[in-house]
Protein chains: 2
Amino acid sequence: MQSTKLTLDDVANKDRQYLETIFALGDGHFGVRDAVPFTGNQAGTLPVMLVNGLYVTNPIVYGENAYGYAKLHQTIVSLPNPRNFDLISDTADSTVPGDWRVDLKRTALDFSDGSLNERFGLETKAGEKFLLTVNSWVVQDGTHQFTVTYTLKSINYTGTIQFKRSLFVNGGERSALINDDDPRVAARNARLAIHIQNTKDERSFQWTSKTESTSQTLIQEDQVNAGPQNYSLIRNESGFEGAGKIAAGEEVTWQFTRRLSEINGELKPQQKRDDQAVNRQILGDFWNQSRVELSDEQLQKGIQYNLFQLFQSAGRDGRSNIAAKGITGPGYEGHYFWDTEMYILPFFIYTNPEIAKRLLSYRYSILQQARNRARDLGVDSGALFAWRTINGEEASAYFPAGTAQYHINADIAHAIKLYYEVTDDGDFLRQKGAEIVLETARFWLAYGSWRERKGQQEFCLYKVTGPDEYTALIDNNYYTNRMAKENLAFAVWLIKHGYMVADPGEQEQFSAASERMYLPYDEEQRVTKQDDESPEMPVWPFAKTPKTNYPLLLHYHPLMIYRHRVNKQADTLLAEMIFPEDQSNQQLRRDYDYYEPITTHDSSLSRSIFSILASRLRRPQKAFKYYMDTSLMDLVDLQGNASDGLHEANLGGSWLGLTYGFAGMYVKHGRLHITNYLPDELDHLAFRIRFRGSTLEIKLQRTQTNVLRVAGPTLEVVVDGKARKIK
Amino acid sequence: MQSTKLTLDDVANKDRQYLETIFALGDGHFGVRDAVPFTGNQAGTLPVMLVNGLYVTNPIVYGENAYGYAKLHQTIVSLPNPRNFDLISDTADSTVPGDWRVDLKRTALDFSDGSLNERFGLETKAGEKFLLTVNSWVVQDGTHQFTVTYTLKSINYTGTIQFKRSLFVNGGERSALINDDDPRVAARNARLAIHIQNTKDERSFQWTSKTESTSQTLIQEDQVNAGPQNYSLIRNESGFEGAGKIAAGEEVTWQFTRRLSEINGELKPQQKRDDQAVNRQILGDFWNQSRVELSDEQLQKGIQYNLFQLFQSAGRDGRSNIAAKGITGPGYEGHYFWDTEMYILPFFIYTNPEIAKRLLSYRYSILQQARNRARDLGVDSGALFAWRTINGEEASAYFPAGTAQYHINADIAHAIKLYYEVTDDGDFLRQKGAEIVLETARFWLAYGSWRERKGQQEFCLYKVTGPDEYTALIDNNYYTNRMAKENLAFAVWLIKHGYMVADPGEQEQFSAASERMYLPYDEEQRVTKQDDESPEMPVWPFAKTPKTNYPLLLHYHPLMIYRHRVNKQADTLLAEMIFPEDQSNQQLRRDYDYYEPITTHDSSLSRSIFSILASRLRRPQKAFKYYMDTSLMDLVDLQGNASDGLHEANLGGSWLGLTYGFAGMYVKHGRLHITNYLPDELDHLAFRIRFRGSTLEIKLQRTQTNVLRVAGPTLEVVVDGKARKIK
């Protein structure tokens with residue numbers, strides 16, 4: 001049964017910054033955190049509104065600089081808060097901290113129309129009581145509008161109510177508008193210059209924000225849609241204000257709409273229409289395509305919440321992507337990582353390929369920066385994508401766990417391959433995808449080197465860092481080598497199939513490097529090695545490590561971490577998850593049992609992979625436990641830092657846990673495979689995907705596996721090991 | 001034949017900043033660079049006077065911070081220039097750049113009395129011509145005095161000469177004294193606050209400098225010793241000034257003495273005596289003890305220059321050491337490294353053991369900081385000395401080539417062992433040395449770990465960086481393991497011989513770890529491996545690397561360097577140099593031939609070692625060539641950066657090249673060994689050392705090796721493989 005709402009009963013706690021993240025709204029372009037609207041009741045200094053890809057740069061200062069280091073920080077900027085609405089009664093002013101007691105009574109996020117409904121009990125020191133209902137939504141049609149309705153009901157107060165809609169709180173160059181001596185605020189706000197346009201209409205306010213150092217512009221308009229008839233309305237220099245009378249028991253309502261342009265774009269013309277009907281239509285389609293149904297009510301809510309938030313976070317303009325925290329918080333400075341390709345894109349590829357294509361197009365848009373970066377690294381050909389970036393340039397200030405994670409190159413190529421396998425979209429390959437795959441393959445060829453061992457030529461990749469950041473600058477990371485092997489092989493396939501042209505010598509070299517890519521294996525322990533060295537190091541002293549010392553990276557010097565066998569996250573196992581046919585189940589079991597005890601899951605990218613592999617190993621209890629932690633990670637605040645923003649990769653991972661995990665879904669030689677690994681805790685699981693033009697519904701029950709065709713042509717699917725025609 | 005002077009004919013060029021370094025004076029406590037004395041003729045912004053160990057701290061800013069990183073920069077501060085002396089004629093003022101044309105005619109540094117004699121031709125735009133002679137010296141008796149005599153002769157000018165001795169140029173908080181809007185100057189000078197004492201005597205000026213953030217105090221006094229009788233003398237707020245008449249052909253003389261206290265100390269009472277006689281006595285003793293005689297005149301001058309500068313650079317107070325650039329320049333911020341123990345201390349141990357003891361006492365003075373640092377690194381017992389430091393705390397802001405160079409621990413223990421072997425000074429062991437060795441051995445035991453391979457238990461050290469900084473964070477660096485092995489074994493010896501107490505279990509563990517320390521060896525290539533991984537990596541593309549791209553670290557990203565087989569300096573070979581009995585000559589030859597072609601010598605610590613090993617391998621031409629480069633490194637400005645300060649480690653290395661190299665000197669089981677490896681280019685080499693109470697003179701000729709006893713008891717020396725009683 002579909003879940004429709006997330007409420008306060010479903011979340012870990014009522015810490016305001018946590019709630020701000022959890023109940024954030026967005027449309028892929030901009031996000032609005034769920035801040036209490038009153039100036040005097042801001043929980044902290046976190047931004048309220050962010051725009052995906054709107055950023056400033058600052059020089060990175062190093063303790064000791066060196067050649068080729070990343071030069072500039074890229075930091076997503078805080079934009080003026082569109083939720084702000086201050087109230088002044090006869091005795092109290094909500095801009096003053098402590099004048100009003102605010103009691104949160106209800107918060108409900110509706111997945112079917114994207115609306116957020118909140119109710120606050122308000123009380124002044126003089127005992128004046130009110131009930132405030134705040135209803136808000138972002139229209140999902142790409143017009144970038146946020147509408148908020150404030151309904152104030154007086155419980156026992158009769159008198160004047162003044163209201164203020166201050167438009168330059170929490171972002172923008174307030175100093176130009178409001179005198180503010182707090183140096184922290186000044187530093188933050190100096191990043192946006194705001195130029196206010198003359199707006200003829202007294203009920204609207206328009207301004208252009210221009211980012212410092214990057215000169216991106218954004219136009220915004222704030223407009224009064226409705227207000228109580230007996231209340232005045234004045235446009236002042238920084239917003240709207242007014243006043244009127246209210247009597248005990250009486251209710252008054254204001255509604256405002258904030259509209260945003262795209263970056264460097266114009267405001268779209270405003271249309272008359274019913275926003276919520278538009279949202280119900282768009283989200284109805286989304287849920288139709290992405291439908292997931294589970295027998296467990298909590299997990300049902302969890303997965304729907306996760307998918308809803310992914311939908312809200314994905315950039316759709318081909319020039320932005322999905323930040324590590326989406327647009328739900330400033331964590332990781334709004335940067336894009338490999339998280340998108342390896343954890344999130346599968347969901348979009350299988351359910352919303354159009355969005356997937358836009359996200360991959362972003363990578364194409366930064367291909368030239370990636371070529372330049374390869375040169376910075378002394379690699380003569382090909383392209384190296386930045387480990388963390390907004391504008392395509394490397395922004396990682398710690399190369400051993402940044403730039404050295406070369407695997408991002410192969411991760412992007414892998415996502416392109418998966419996109420093509422699932423969608424059959426050859427045009428995308430021809431226009432963009434093939435060039436990325438070619439350039440990344442060229443990087444591997446120029447970066448790697450040959451060695452001879454036991455009479456065998458082996459292609460090796462030295463001094464790399466794999467996904468596991470607790471092991472850095474090692475040789476022949478299994479994950480990296482395996483992914484690079486696929487990248488090179490896919491380049492050969494694309495050349496052979498006419499998607500691109502390369503000289504025969506290059507094609508041959510790609511082939512050789514791919515075929516003879518060295519994959520480390522420990523013959524003695526019969527375990528797939530994470531890299532050449534790690535298996536020899538001593539195991540981390542887990543028994544001596546107090547629980548409060550996790551995550552380790554916050555409590556131990558990197559040198560202490562690097563010299564021990566301890567994993568932040570799935571690394572070798574991630575490669576084994578991606579390539580099921582690489583190893584027997586016995587091998588996978590040995591590897592799982594080897595790596596699981598040394599993995600801390602200090603990264604949010606870990607548990608979903610362990611869940612999937614536990615499913616595959618038919619360890620349903622483990623699979624279910626890891627899945628619970630994945631699906632509910634932010635709703636139970638498992639990592640303890642959801643206040644900085646959602647763990648977007650894990651949101652994607654929760655979909656993988658269901659589909660790749662419980663349903664054993666993967667594509668092999670162009671055919672879809674489904675295997676029923678449903679754990680005991682679940683009676684059934686159903687989900688929809690699109691595959692090569694068909695829409696399928698996969699239904700798992702304890703004893704049955706059904707694949708139904710909802711639309712599109714018939715096709716063959718391998719179900720529980722047997723090929724079936726799906727009619 | 002002893003060389004007595006270094007002049008402009010002996011140096012690489014006449015760039016002023018280069019000359020400032022080369023002709024620097026000092027007494028181990030303070031150093032004075034040879035700056036042109038006029039304010040208007042400062043070549044740049046480098047400090048002129050530095051005090052060994054006088055520093056400020058500033059927070060280290062990291063692009064990305066992490067647990068346990070070094071927190072504070074430590075930076076040696078610039079002190080007011082004691083050479084400054086401005087002249088004003090009727091038409092020109094030497095504080096104004098360009099008013100005077102200054103023509104350097106002569107510079108001569110006298111090794112026998114430590115005096116520096118300079119002659120400048122001066123000419124104003126109006127054609128007024130003068131000859132200025134500047135004679136200066138630092139008294140070497142530990143009273144910390146710098147005396148400078150200016151003799152001005154008019155060639156064709158008759159008129160007034162004004163002079164100014166401005167005491168607060170190039171250091172100190174000038175802004176308090178002189179208005180200065182240059183932000184760079186302000187930033188630099190804000191580090192010292194200067195408080196001027198009331199000095200009753202009109203001919204002297206006393207002040208206390210206090211460093212910011214570290215609150216070290218230094219008292220200085222500047223005094224007029226002499227001036228021309230017909231010239232006025234006024235003490236103004238920042239120095240002295242005056243004026244008088246000069247006629248063409250006439251000569252006038254001023255003399256000033258700058259006295260300094262020790263750090264946080266008082267000025268010593270002034271004594272009447274003949275400075276230069278004192279210096280001739282002290283330096284006579286020094287040259288007597290450190291006597292080196294070579295048949296090559298250039299090399300004779302080179303080695304004497306090098307030893308003279310070492311003598312000037314060594315801290316003698318037990319709380320300071322020898323900075324990487326001595327006190328001849330601000331390079332490396334005045335930090336102490338392993339350079340002292342591995343490259344410089346042998347010279348002092350063998351010739352001036354009292355200075356060697358003081359330098360080792362410095363390490364004892366920072367032992368508590370080293371214990372704390374081990375804890376920061378997650379190592380539960382023992383001590384880890386900072387890779388670079390003044391105050392004992394780690395100041396390296398890049399841990400892969402800083403803190404990870406754990407070998408400094410064993411380097412210090414090695415120097416203590418050598419000091420004891422050569423001096424037989426058991427008291428030092430009991431008071432300080434043994435505790436350092438015990439604590440460093442404990443570090444290795446706690447840091448390292450056991451592994452089993454082929455049924456053998458091996459003690460391993462993972463994720464370390466050896467001396468070669470072009471290879472970082474690797475496993476079982478041969479040099480590190482070999483040195484740690486000695487450190488552990490020496491701890492056992494000290495326990496067994498009653499120099500310290502440890503429980504038997506600990507002693508046994510030290511023994512086991514030392515005996516079973518893993519030393520990597522490549523059985524296939526029959527080469528001693530630098531570490532577990534490096535030999536497999538591709539060789540650096542030397543053919544594609546233009547000469548201008550050296551040193552590599554300034555032209556390539558660390559990731560490019562780390563993934564190639566390329567050495568900055570001797571690493572494995574350094575261990576083989578230290579432990580001659582570890583390998584056969586055949587093995588050494590293979591290793592030398594393996595490492596030499598991949599070594600860039602981008603570090604100044606490299607060539608001396610290659611020279612010594614080439615001697616040992618009886619490759620005299622190579623030995624001589626590397627020795628030339630070592631001995632004359634700064635005099636020919638081989639590294640191109642002598643302007644920042646002398647390469648102190650290499651100064652020591654040049655003594656090693658002669659003694660350890662050409663004379664094959666080393667100590668084995670308490671006996672001195674001498675082997676004649678004199679290259680064809682040299683007819684003879686003689687040098688003096690002290691060994692266990694005896695003073696010896698070693699004399700090598702092409703066909704003869706003589707060891708003579710100059711003083712002390714008879715002893716047995718192994719000469720050219722045969723034990724001889726030296727009577």
# chains A, B, ... in the order shown; residues from 1 in each chain; ligands from 1
call {"tool": "closest_atom_pairs", "arguments": {"of": "chain B", "to": "chain A", "cutoff": "7 Å", "atoms": "only C-alpha atoms", "output": "tab-separated table"}}
result
residue	atom	partner	partner_atom	distance
B:Ile60	CA	A:Gly63	CA	5.5
B:Val61	CA	A:Gly63	CA	5.3
B:Tyr62	CA	A:Tyr62	CA	4.7
B:Gly63	CA	A:Ala397	CA	4.8
B:Glu64	CA	A:Ala397	CA	5.5
B:Tyr67	CA	A:His557	CA	5.0
B:Gly68	CA	A:His557	CA	5.0
B:Leu377	CA	A:His557	CA	5.7
B:Gly378	CA	A:Met560	CA	5.9
B:Ala397	CA	A:Gly63	CA	4.8
B:Tyr398	CA	A:Glu64	CA	6.0
B:Ser449	CA	A:Pro538	CA	6.6
B:Tyr462	CA	A:Arg563	CA	5.5
B:Lys463	CA	A:Arg563	CA	5.4
B:Met537	CA	A:Tyr462	CA	6.9
B:Pro538	CA	A:Ser449	CA	6.5
B:Leu553	CA	A:Tyr67	CA	7.0
B:Leu554	CA	A:Tyr67	CA	5.9
B:His555	CA	A:Tyr67	CA	6.0
B:Tyr556	CA	A:Tyr67	CA	5.7
B:His557	CA	A:Gly68	CA	5.0
B:Leu559	CA	A:Leu377	CA	6.9
B:Met560	CA	A:Gly378	CA	6.0
B:Tyr562	CA	A:Lys463	CA	6.8
B:Arg563	CA	A:Lys463	CA	5.4
call {"tool": "write_last_selection", "arguments": {"atoms": "N, CA and C atoms", "output": "PDB file, in the first residue's frame"}}
result
ATOM      1  N   ILE B  60      48.331  26.755  11.468  1.00  0.00           N
ATOM      2  CA  ILE B  60      48.429  26.199  10.113  1.00  0.00           C
ATOM      3  C   ILE B  60      47.011  26.086   9.562  1.00  0.00           C
ATOM      4  N   VAL B  61      46.799  26.637   8.396  1.00  0.00           N
ATOM      5  CA  VAL B  61      45.490  26.510   7.749  1.00  0.00           C
ATOM      6  C   VAL B  61      45.592  25.381   6.728  1.00  0.00           C
ATOM      7  N   TYR B  62      44.691  24.442   6.789  1.00  0.00           N
ATOM      8  CA  TYR B  62      44.675  23.328   5.846  1.00  0.00           C
ATOM      9  C   TYR B  62      43.508  23.495   4.870  1.00  0.00           C
ATOM     10  N   GLY B  63      43.722  23.067   3.647  1.00  0.00           N
ATOM     11  CA  GLY B  63      42.604  23.024   2.712  1.00  0.00           C
ATOM     12  C   GLY B  63      41.505  22.144   3.280  1.00  0.00           C
ATOM     13  N   GLU B  64      41.914  21.028   3.867  1.00  0.00           N
ATOM     14  CA  GLU B  64      40.985  20.108   4.509  1.00  0.00           C
ATOM     15  C   GLU B  64      41.697  19.607   5.764  1.00  0.00           C
ATOM     16  N   TYR B  67      42.087  15.017  12.019  1.00  0.00           N
ATOM     17  CA  TYR B  67      42.507  14.750  13.390  1.00  0.00           C
ATOM     18  C   TYR B  67      44.029  14.612  13.476  1.00  0.00           C
ATOM     19  N   GLY B  68      44.611  15.252  14.480  1.00  0.00           N
ATOM     20  CA  GLY B  68      46.020  15.020  14.782  1.00  0.00           C
ATOM     21  C   GLY B  68      47.002  15.770  13.897  1.00  0.00           C
ATOM     22  N   LEU B 377      49.399  10.259  17.390  1.00  0.00           N
ATOM     23  CA  LEU B 377      49.413   9.341  16.238  1.00  0.00           C
ATOM     24  C   LEU B 377      48.730   8.024  16.562  1.00  0.00           C
ATOM     25  N   GLY B 378      48.182   7.905  17.761  1.00  0.00           N
ATOM     26  CA  GLY B 378      47.506   6.674  18.136  1.00  0.00           C
ATOM     27  C   GLY B 378      48.480   5.576  18.569  1.00  0.00           C
ATOM     28  N   ALA B 397      53.321  20.552   7.818  1.00  0.00           N
ATOM     29  CA  ALA B 397      51.926  20.703   7.416  1.00  0.00           C
ATOM     30  C   ALA B 397      51.549  19.722   6.312  1.00  0.00           C
ATOM     31  N   TYR B 398      52.439  18.786   5.981  1.00  0.00           N
ATOM     32  CA  TYR B 398      52.134  17.784   4.954  1.00  0.00           C
ATOM     33  C   TYR B 398      52.641  16.446   5.474  1.00  0.00           C
ATOM     34  N   SER B 449      54.221  -4.156  13.618  1.00  0.00           N
ATOM     35  CA  SER B 449      53.350  -5.310  13.834  1.00  0.00           C
ATOM     36  C   SER B 449      53.991  -6.560  13.215  1.00  0.00           C
ATOM     37  N   TYR B 462      54.368  -0.476   8.600  1.00  0.00           N
ATOM     38  CA  TYR B 462      53.534  -0.115   7.457  1.00  0.00           C
ATOM     39  C   TYR B 462      53.291   1.394   7.375  1.00  0.00           C
ATOM     40  N   LYS B 463      53.104   1.842   6.137  1.00  0.00           N
ATOM     41  CA  LYS B 463      52.706   3.232   5.848  1.00  0.00           C
ATOM     42  C   LYS B 463      53.648   4.248   6.471  1.00  0.00           C
ATOM     43  N   MET B 537      56.871  -0.379  -9.752  1.00  0.00           N
ATOM     44  CA  MET B 537      56.304   0.763 -10.455  1.00  0.00           C
ATOM     45  C   MET B 537      57.141   1.109 -11.683  1.00  0.00           C
ATOM     46  N   PRO B 538      56.512   1.780 -12.656  1.00  0.00           N
ATOM     47  CA  PRO B 538      57.279   2.152 -13.857  1.00  0.00           C
ATOM     48  C   PRO B 538      58.331   3.211 -13.519  1.00  0.00           C
ATOM     49  N   LEU B 553      59.621  18.079  -7.818  1.00  0.00           N
ATOM     50  CA  LEU B 553      58.531  18.468  -6.918  1.00  0.00           C
ATOM     51  C   LEU B 553      57.964  19.840  -7.239  1.00  0.00           C
ATOM     52  N   LEU B 554      58.727  20.660  -7.951  1.00  0.00           N
ATOM     53  CA  LEU B 554      58.195  21.975  -8.322  1.00  0.00           C
ATOM     54  C   LEU B 554      57.457  21.945  -9.657  1.00  0.00           C
ATOM     55  N   HIS B 555      57.483  20.794 -10.336  1.00  0.00           N
ATOM     56  CA  HIS B 555      56.907  20.756 -11.689  1.00  0.00           C
ATOM     57  C   HIS B 555      55.920  19.632 -11.942  1.00  0.00           C
ATOM     58  N   TYR B 556      55.724  18.767 -10.947  1.00  0.00           N
ATOM     59  CA  TYR B 556      54.790  17.651 -11.137  1.00  0.00           C
ATOM     60  C   TYR B 556      53.966  17.442  -9.867  1.00  0.00           C
ATOM     61  N   HIS B 557      52.739  17.021 -10.060  1.00  0.00           N
ATOM     62  CA  HIS B 557      51.861  16.701  -8.935  1.00  0.00           C
ATOM     63  C   HIS B 557      52.454  15.516  -8.157  1.00  0.00           C
ATOM     64  N   LEU B 559      51.123  13.017  -7.042  1.00  0.00           N
ATOM     65  CA  LEU B 559      50.597  11.735  -7.521  1.00  0.00           C
ATOM     66  C   LEU B 559      51.369  11.226  -8.729  1.00  0.00           C
ATOM     67  N   MET B 560      51.846  12.145  -9.560  1.00  0.00           N
ATOM     68  CA  MET B 560      52.672  11.756 -10.710  1.00  0.00           C
ATOM     69  C   MET B 560      54.011  11.212 -10.203  1.00  0.00           C
ATOM     70  N   TYR B 562      54.753  10.012  -7.112  1.00  0.00           N
ATOM     71  CA  TYR B 562      54.640   8.816  -6.260  1.00  0.00           C
ATOM     72  C   TYR B 562      54.439   7.533  -7.062  1.00  0.00           C
ATOM     73  N   ARG B 563      53.819   7.649  -8.229  1.00  0.00           N
ATOM     74  CA  ARG B 563      53.511   6.410  -8.945  1.00  0.00           C
ATOM     75  C   ARG B 563      54.625   5.984  -9.900  1.00  0.00           C
TER      76      ARG B 563
END
call {"tool": "select_by_dssp", "arguments": {"residues": "stretch 559-644 of chain A", "states": "alpha helix (DSSP H)", "output": "number ranges by chain"}}
result
A: 559-562, 572-578, 585-595, 607-616, 620-631
call {"tool": "calpha_fit_rmsd", "arguments": {"fixed": "chain A", "moving": "chain B"}}
result
0.1 Å
call {"tool": "residues_around", "arguments": {"residues": "B:Thr659", "least_positions_apart": "5", "cutoff": "9 Å", "atoms": "only C-alpha atoms", "output": "ChimeraX atom specification"}}
result
/B:612,654,664-666,674,687
call {"tool": "residues_around", "arguments": {"residues": "A:Lys268", "least_positions_apart": "2", "cutoff": "12 Å", "atoms": "only C-alpha atoms", "output": "PDB file with N, CA, C and O atoms, in the first residue's frame"}}
result
ATOM      1  N   ASP A 141       6.913  21.648 -11.929  1.00  0.00           N
ATOM      2  CA  ASP A 141       6.870  21.713 -13.399  1.00  0.00           C
ATOM      3  C   ASP A 141       8.039  22.465 -14.013  1.00  0.00           C
ATOM      4  O   ASP A 141       8.007  22.798 -15.196  1.00  0.00           O
ATOM      5  N   GLY A 142       9.051  22.777 -13.189  1.00  0.00           N
ATOM      6  CA  GLY A 142      10.227  23.430 -13.759  1.00  0.00           C
ATOM      7  C   GLY A 142      10.096  24.937 -13.842  1.00  0.00           C
ATOM      8  O   GLY A 142      10.951  25.603 -14.434  1.00  0.00           O
ATOM      9  N   THR A 143       9.029  25.509 -13.232  1.00  0.00           N
ATOM     10  CA  THR A 143       8.915  26.974 -13.242  1.00  0.00           C
ATOM     11  C   THR A 143       9.564  27.592 -12.011  1.00  0.00           C
ATOM     12  O   THR A 143       9.602  28.811 -11.879  1.00  0.00           O
ATOM     13  N   HIS A 144      10.034  26.757 -11.098  1.00  0.00           N
ATOM     14  CA  HIS A 144      10.823  27.211  -9.945  1.00  0.00           C
ATOM     15  C   HIS A 144      10.067  28.205  -9.064  1.00  0.00           C
ATOM     16  O   HIS A 144      10.447  29.360  -8.936  1.00  0.00           O
ATOM     17  N   GLN A 145       8.996  27.721  -8.494  1.00  0.00           N
ATOM     18  CA  GLN A 145       8.168  28.555  -7.625  1.00  0.00           C
ATOM     19  C   GLN A 145       7.965  27.887  -6.288  1.00  0.00           C
ATOM     20  O   GLN A 145       7.714  26.689  -6.204  1.00  0.00           O
ATOM     21  N   ILE A 219      17.649  35.655 -10.865  1.00  0.00           N
ATOM     22  CA  ILE A 219      16.585  36.642 -10.642  1.00  0.00           C
ATOM     23  C   ILE A 219      15.540  36.011  -9.734  1.00  0.00           C
ATOM     24  O   ILE A 219      15.199  34.834  -9.883  1.00  0.00           O
ATOM     25  N   GLN A 220      15.055  36.782  -8.785  1.00  0.00           N
ATOM     26  CA  GLN A 220      13.999  36.287  -7.910  1.00  0.00           C
ATOM     27  C   GLN A 220      12.892  37.318  -7.839  1.00  0.00           C
ATOM     28  O   GLN A 220      13.126  38.520  -7.935  1.00  0.00           O
ATOM     29  N   GLU A 221      11.710  36.795  -7.646  1.00  0.00           N
ATOM     30  CA  GLU A 221      10.566  37.684  -7.428  1.00  0.00           C
ATOM     31  C   GLU A 221       9.767  37.143  -6.262  1.00  0.00           C
ATOM     32  O   GLU A 221       9.516  35.945  -6.178  1.00  0.00           O
ATOM     33  N   ARG A 259       9.441  33.261  -6.843  1.00  0.00           N
ATOM     34  CA  ARG A 259       9.820  32.651  -8.123  1.00  0.00           C
ATOM     35  C   ARG A 259      11.310  32.853  -8.367  1.00  0.00           C
ATOM     36  O   ARG A 259      11.852  33.904  -8.023  1.00  0.00           O
ATOM     37  N   LEU A 260      11.942  31.877  -8.972  1.00  0.00           N
ATOM     38  CA  LEU A 260      13.383  31.960  -9.256  1.00  0.00           C
ATOM     39  C   LEU A 260      13.638  31.706 -10.730  1.00  0.00           C
ATOM     40  O   LEU A 260      12.963  30.860 -11.350  1.00  0.00           O
ATOM     41  N   SER A 261      14.610  32.399 -11.251  1.00  0.00           N
ATOM     42  CA  SER A 261      15.070  32.080 -12.612  1.00  0.00           C
ATOM     43  C   SER A 261      16.036  30.907 -12.536  1.00  0.00           C
ATOM     44  O   SER A 261      16.439  30.492 -11.465  1.00  0.00           O
ATOM     45  N   GLU A 262      16.406  30.385 -13.689  1.00  0.00           N
ATOM     46  CA  GLU A 262      17.545  29.481 -13.701  1.00  0.00           C
ATOM     47  C   GLU A 262      18.817  30.322 -13.573  1.00  0.00           C
ATOM     48  O   GLU A 262      18.759  31.559 -13.629  1.00  0.00           O
ATOM     49  N   GLY A 265      19.618  32.958 -16.078  1.00  0.00           N
ATOM     50  CA  GLY A 265      18.422  32.953 -16.923  1.00  0.00           C
ATOM     51  C   GLY A 265      17.446  34.059 -16.527  1.00  0.00           C
ATOM     52  O   GLY A 265      17.739  34.899 -15.685  1.00  0.00           O
ATOM     53  N   GLU A 266      16.288  34.044 -17.198  1.00  0.00           N
ATOM     54  CA  GLU A 266      15.232  35.014 -16.922  1.00  0.00           C
ATOM     55  C   GLU A 266      14.113  34.319 -16.155  1.00  0.00           C
ATOM     56  O   GLU A 266      13.984  33.099 -16.204  1.00  0.00           O
ATOM     57  N   GLN A 270       4.604  34.116 -15.757  1.00  0.00           N
ATOM     58  CA  GLN A 270       3.738  33.468 -14.771  1.00  0.00           C
ATOM     59  C   GLN A 270       2.441  33.017 -15.426  1.00  0.00           C
ATOM     60  O   GLN A 270       1.916  33.695 -16.289  1.00  0.00           O
ATOM     61  N   GLN A 271       1.985  31.822 -15.026  1.00  0.00           N
ATOM     62  CA  GLN A 271       0.732  31.313 -15.598  1.00  0.00           C
ATOM     63  C   GLN A 271      -0.305  31.171 -14.502  1.00  0.00           C
ATOM     64  O   GLN A 271       0.034  30.864 -13.361  1.00  0.00           O
TER      65      GLN A 271
END
call {"tool": "atom_distance", "arguments": {"atom1": "atom CA of A:Glu681", "atom2": "atom CA of A:Arg619"}}
result
12.3 Å
call {"tool": "select_by_dssp", "arguments": {"residues": "stretch 500-624 of chain B", "states": "strand (DSSP E or B)", "output": "NGL selection string"}}
result
:B and (517 or 521-522 or 527-528 or 539 or 565 or 567 or 599)
call {"tool": "residues_around", "arguments": {"residues": "A:Thr217", "least_positions_apart": "3", "cutoff": "7 Å", "atoms": "only C-alpha atoms", "output": "list in words"}}
result
Thr208, Ser209, Lys210, Thr211, Ile263 and Asn264 of chain A
call {"tool": "atom_distance", "arguments": {"atom1": "atom CA of B:Asp201", "atom2": "atom CA of B:Ser94"}}
result
27.6 Å
call {"tool": "residues_around", "arguments": {"residues": "A:Asp629", "least_positions_apart": "3", "cutoff": "12 Å", "atoms": "only C-alpha atoms", "output": "number ranges by chain"}}
result
A: 298-299, 302-303, 601, 604-611, 622-626, 632-639, 650-651, 653-654, 657
call {"tool": "residues_around", "arguments": {"residues": "B:Trp444", "least_positions_apart": "2", "cutoff": "10 Å", "atoms": "only C-alpha atoms", "output": "ChimeraX atom specification"}}
result
/B:379,381-384,406-407,409-410,439-442,446-449,459-461,481,484-485,487-488,510,513-514
call {"tool": "atom_distance", "arguments": {"atom1": "atom CA of B:Ile76", "atom2": "atom CA of B:Ala323"}}
result
10.0 Å
